[in-house]
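Since the structure comes first, as structure tokens, the remarks are kept for the end.
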Amino acid sequence: MAGTENLEDLEMRLLLEGIFQQYGYDFREYAPASLKRRIRAYMVSENLTTISALQEKILHDASGMNRFLHTVSVDTTALFRDPGFYRSFREKVVPSLSTHRTIRIWHAGCSTGEEVYSMAIVLHEEGLLERTRIYATDMVDHVLKKGKQGIYPIGKMKEYTHNYQEAGGKRSFSDYYTAKYDHVILNPALGKGIVWAQHNLCTDGSFNEFKVILCRNVMIYFNRSLQARVHDLLFESLEIGGFLVLGNKESLKLTSREGNYEVLDDREKLYRKVRE
Amino acid sequence: MNFKIVVMGASLGGMAALKVVLKALPKDFPLPLAVVVHRSTDHQGLLVKTLQKSSALSVVEVEDKQSILPGHAFVAPADYHLLVEEDHFALSTEASVNYARPSIDVLFESAADCMGNQVMGVILSGANEDGALGLVAVKRRGGMTVVQDPATAEARAMPEAAIAATVVDMILPLREIGPFLTKIANKRIAYDRKRKKK
């Protein structure tokens with residue numbers, strides 16, 4: 001039995017190497033357990049029994065690669081996901097942002113954009129949206145397209161409205177969208193200062209310097225050494241005095257950059273860069 | 001067999017059952033324990049506090065890449081799958097499995113995947129079928145499978161589904177699960193010590 005499992009690991013390594021060489025997407029340092037799950041799920045959906053067969057499909061057929069990207073990229077998100085974070089952001093970050101004439105924010109791994117618009121709404125309510133540019137990036141193109149559209153299923157609005165209120169929302173949430181059939185369209189004014197761009201944290205470098213960087217529940221899919229490299233990238237891209245936001249269950253604790261940040265909110269994983 | 005971890009899953013009625021099991025585990029229980037309890041997302045933080053009252057082990061909600069250590073009961077955070085890697089845990093927010101996130105199957109399958117026959121899987125009370133496939137994975141890799149006797153479970157569906165899905169090594173009344181795990185885990189350690197002396 002052990003032999004079979006080793007073979008699977010070997011096939012997996014070859015697959016990831018092949019994808020990197022052929023397409024430039026680098027999954028080689030992803031956290032293996034959850035990646036394996038998603039690859040198996042993809043195999044089931046394509047009716048394949050071995051990873052080698054999957055490899056053939058992906059390397060010889062770009063549309064197979066495209067479907068693979070759809071399956072293995074995790075796009076779980078929500079408007080005002082983790083509402084407590086937005087409260088904390090209003091309280092601990094907004095006062096400092098208010099003193100600047102222009103504000104650059106990087107949302108790394110923005111998926112379909114729900115959390116980007118949530119930030120835009122907060123900034124709007126705090127009177128900062130006009131002077132802010134949000135760079136919303138993800139490694140896959142199809143989620144960026146959705147983000148740019150700002151169209152979301154109406155069935156989620158009850159949950160999102162609740163989140164918005166929990167997040168310290170100051171208005172009626174319905175002010176921000178128009179319902180149409182089974183979807184809502186977010187007010188286009190919210191998206192005016194958002195730049196949607198493809199960026200891969202595993203392979204691309206720093207592209208600007210930011211006042212705020214959000215990278216929430218993205219690095220949980222990376223192994224420790226890739227995490228360390230991405231932490232370096234985020235650190236380089238953050239102004240001194242700038243703010244870093246991680247997911248609720250992520251931590252700076254085990255990283256080499258821990259000493260360069262001050263903890264502003266341990267529960268909401270809000271940090272400030274205090275040392276170069 | 002040389003066990004490395006105990007993975008445990010509970011759903012409806014499982015909190016009460018879990019407390020009974022935890023109470024029976026001594027402070028020096030030699031294996032790490034990883035637990036998935038189905039729950040609504042609103043109870044963050046509360047679960048750990050409640051379980052801590054019943055346990056001599058240190059009960060912690062897992063953070064990404066946290067090291068797997070004995071003396072702890074590691075609890076999956078609400079809304080995250082908990083997975084086992086070589087020497088640490090990983091989290092994931094990918095789709096729910098059996099309508100659950102965290103899912104018991106995800107924890108058990110990942111543990112079986114990377115620790116093979118060194119896994120003890122335990123299914124407690126619950127009203128769905130999560131954990132059954134996970135226990136199948138544990139058994140297939142040669143690990144030990146333990147299920148709460150449905151007759152002693154507040155909700156029988158989950159233990160029954162697990163029993164139907166695979167060969168279960170031990171079906172135990174709730175109160176005997178903790179002592180059984182302690183006995184097996186300690187036997188193991190004693191055996192290791194003897195072997196090292198040789």
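Order determines the names: the first chain of the structure tokens is A, the second B, and so forth; residues in each chain are numbered 1 upward, and ligands are numbered 1 upward as they are shown.
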Compile the residues of chain A that lie within 6 Å of chain B, evaluated using only C-alpha atoms, and express the compilation as an MDAnalysis selection string.
chainID A and resid 74 249:250
Counting only C-alpha atoms, which residues in stretch 53-118 of chain B sit no more than 12 Å from stretch 157-165 of chain B? For each one, give the nearest pair of atoms and the distance in Å, sorted by chain then residue number, as CSV.
```
residue,atom,partner,partner_atom,distance
B:Asn98,CA,B:Met158,CA,11.8
B:Ile104,CA,B:Met158,CA,10.7
B:Asp105,CA,B:Ala162,CA,10.8
```
Could those selected residues go to a file with N, CA and C atoms, as a JSON list (two decimals), in the first residue's frame?
```json
[["chain", "number", "residue", "atom", "x", "y", "z"],
["B", 98, "ASN", "N", -19.38, 17.53, 2.72],
["B", 98, "ASN", "CA", -20.57, 17.10, 3.48],
["B", 98, "ASN", "C", -21.23, 18.30, 4.18],
["B", 104, "ILE", "N", -14.68, 16.53, 8.99],
["B", 104, "ILE", "CA", -13.96, 15.43, 9.64],
["B", 104, "ILE", "C", -13.21, 14.61, 8.59],
["B", 105, "ASP", "N", -13.86, 14.36, 7.45],
["B", 105, "ASP", "CA", -13.21, 13.60, 6.38],
["B", 105, "ASP", "C", -11.88, 14.24, 5.98]]
```
I want to know what sits within 12 Å of B:Ile123, based on only C-alpha atoms, with residues of the same chain fewer than 5 positions away left out; could you give that as a compact mmCIF listing (two decimals) with C-alpha atoms, in the first residue's frame?
```txt
# COMPACT_ATOMS: atom_id res chain seq x y z
CA VAL B 6 -5.20 10.86 17.42
CA VAL B 7 -7.77 12.49 15.12
CA MET B 8 -11.31 12.86 16.38
CA GLY B 9 -14.58 14.05 14.90
CA ALA B 10 -17.87 15.02 16.49
CA SER B 11 -21.07 16.66 15.36
CA LEU B 12 -24.55 16.94 16.85
CA GLY B 14 -20.69 15.57 20.00
CA ALA B 17 -19.33 13.33 24.13
CA LEU B 18 -16.07 15.12 23.42
CA VAL B 21 -13.48 11.75 26.27
CA VAL B 35 -10.35 17.56 16.79
CA VAL B 36 -13.04 18.66 14.37
CA VAL B 37 -16.38 19.68 15.84
CA ILE B 104 -13.96 15.43 9.64
CA ASP B 105 -13.21 13.60 6.38
CA LEU B 107 -8.80 15.96 8.71
CA PHE B 108 -8.81 12.15 8.73
CA ASN B 128 -24.66 13.29 9.47
CA GLU B 129 -22.18 11.06 7.68
CA ASP B 130 -19.05 13.18 7.80
CA GLY B 131 -16.07 11.15 9.00
CA ALA B 132 -17.12 7.85 7.44
CA LEU B 133 -14.90 8.27 4.37
CA GLY B 134 -12.17 9.68 6.57
CA LEU B 135 -12.24 6.56 8.72
CA VAL B 136 -12.10 4.43 5.58
CA VAL B 138 -7.41 5.70 8.13
CA MET B 144 -6.60 2.20 14.12
CA THR B 145 -10.31 2.96 13.93
CA VAL B 146 -12.49 3.64 16.96
CA VAL B 147 -16.18 4.55 16.96
CA GLN B 148 -18.51 5.52 19.77
CA ASP B 149 -21.14 2.81 20.34
CA PRO B 150 -24.24 4.29 18.67
CA ALA B 153 -24.55 8.44 21.25
CA ALA B 155 -27.12 11.19 17.59
CA ARG B 156 -26.44 7.78 16.09
CA ALA B 157 -26.13 8.58 12.37
CA MET B 158 -22.45 9.46 12.29
CA PRO B 159 -21.14 6.49 14.30
CA GLU B 160 -23.46 4.18 12.35
CA ALA B 161 -22.27 5.52 8.99
CA ALA B 162 -18.65 5.02 10.06
CA ILE B 163 -19.33 1.44 11.20
CA VAL B 168 -13.86 -0.67 12.86
CA ASP B 169 -11.29 -1.94 15.35
CA MET B 170 -13.14 -0.85 18.47
CA ILE B 171 -16.78 0.11 19.03
CA LEU B 172 -16.80 1.48 22.54
CA PRO B 173 -19.33 2.98 24.94
CA LEU B 174 -18.60 6.68 25.36
CA ILE B 177 -13.07 5.72 24.78
```
Leaving out A:Ile51 and any residue of its chain fewer than 4 positions from it, which residues lie within 10 Å of it when counting only C-alpha atoms, given as number ranges by chain?
A: 7-15, 39-40, 43, 55-57
Could you write out that same residue set with N, CA and C atoms as a compact mmCIF listing (two decimals), in the first residue's frame?
```
# COMPACT_ATOMS: atom_id res chain seq x y z
N LEU A 7 4.10 6.57 -5.13
CA LEU A 7 3.96 6.79 -6.56
C LEU A 7 3.11 8.04 -6.80
N GLU A 8 2.06 8.18 -6.00
CA GLU A 8 1.20 9.36 -6.15
C GLU A 8 2.00 10.64 -5.88
N ASP A 9 2.82 10.61 -4.83
CA ASP A 9 3.65 11.78 -4.53
C ASP A 9 4.61 12.10 -5.67
N LEU A 10 5.18 11.05 -6.23
CA LEU A 10 6.11 11.24 -7.35
C LEU A 10 5.39 11.85 -8.55
N GLU A 11 4.22 11.29 -8.87
CA GLU A 11 3.44 11.82 -10.00
C GLU A 11 3.08 13.28 -9.78
N MET A 12 2.75 13.58 -8.54
CA MET A 12 2.36 14.94 -8.19
C MET A 12 3.53 15.90 -8.44
N ARG A 13 4.73 15.48 -8.02
CA ARG A 13 5.90 16.33 -8.20
C ARG A 13 6.16 16.58 -9.68
N LEU A 14 6.04 15.52 -10.47
CA LEU A 14 6.26 15.65 -11.91
C LEU A 14 5.21 16.57 -12.54
N LEU A 15 3.98 16.41 -12.09
CA LEU A 15 2.89 17.25 -12.62
C LEU A 15 3.16 18.73 -12.35
N ILE A 39 -6.45 18.58 -6.33
CA ILE A 39 -6.07 17.88 -7.55
C ILE A 39 -6.91 16.61 -7.71
N ARG A 40 -7.13 15.91 -6.61
CA ARG A 40 -7.98 14.70 -6.69
C ARG A 40 -9.40 15.07 -7.12
N MET A 43 -9.42 15.54 -10.74
CA MET A 43 -9.35 14.25 -11.45
C MET A 43 -10.73 13.61 -11.53
N GLN A 55 -1.70 14.77 -16.07
CA GLN A 55 -0.56 15.53 -16.59
C GLN A 55 -0.64 15.62 -18.10
N GLU A 56 -0.96 14.51 -18.74
CA GLU A 56 -1.06 14.52 -20.19
C GLU A 56 -2.10 15.54 -20.64
N LYS A 57 -3.24 15.48 -19.98
CA LYS A 57 -4.34 16.36 -20.33
C LYS A 57 -3.94 17.84 -20.19
```
Fewer than 2 positions away in the same chain doesn't count, so skip those; otherwise give me all residues within 12 Å of A:Gln165, counting only C-alpha atoms, as a ChimeraX atom specification.
/A:79-84,86-87,118,122,158-163,167-174
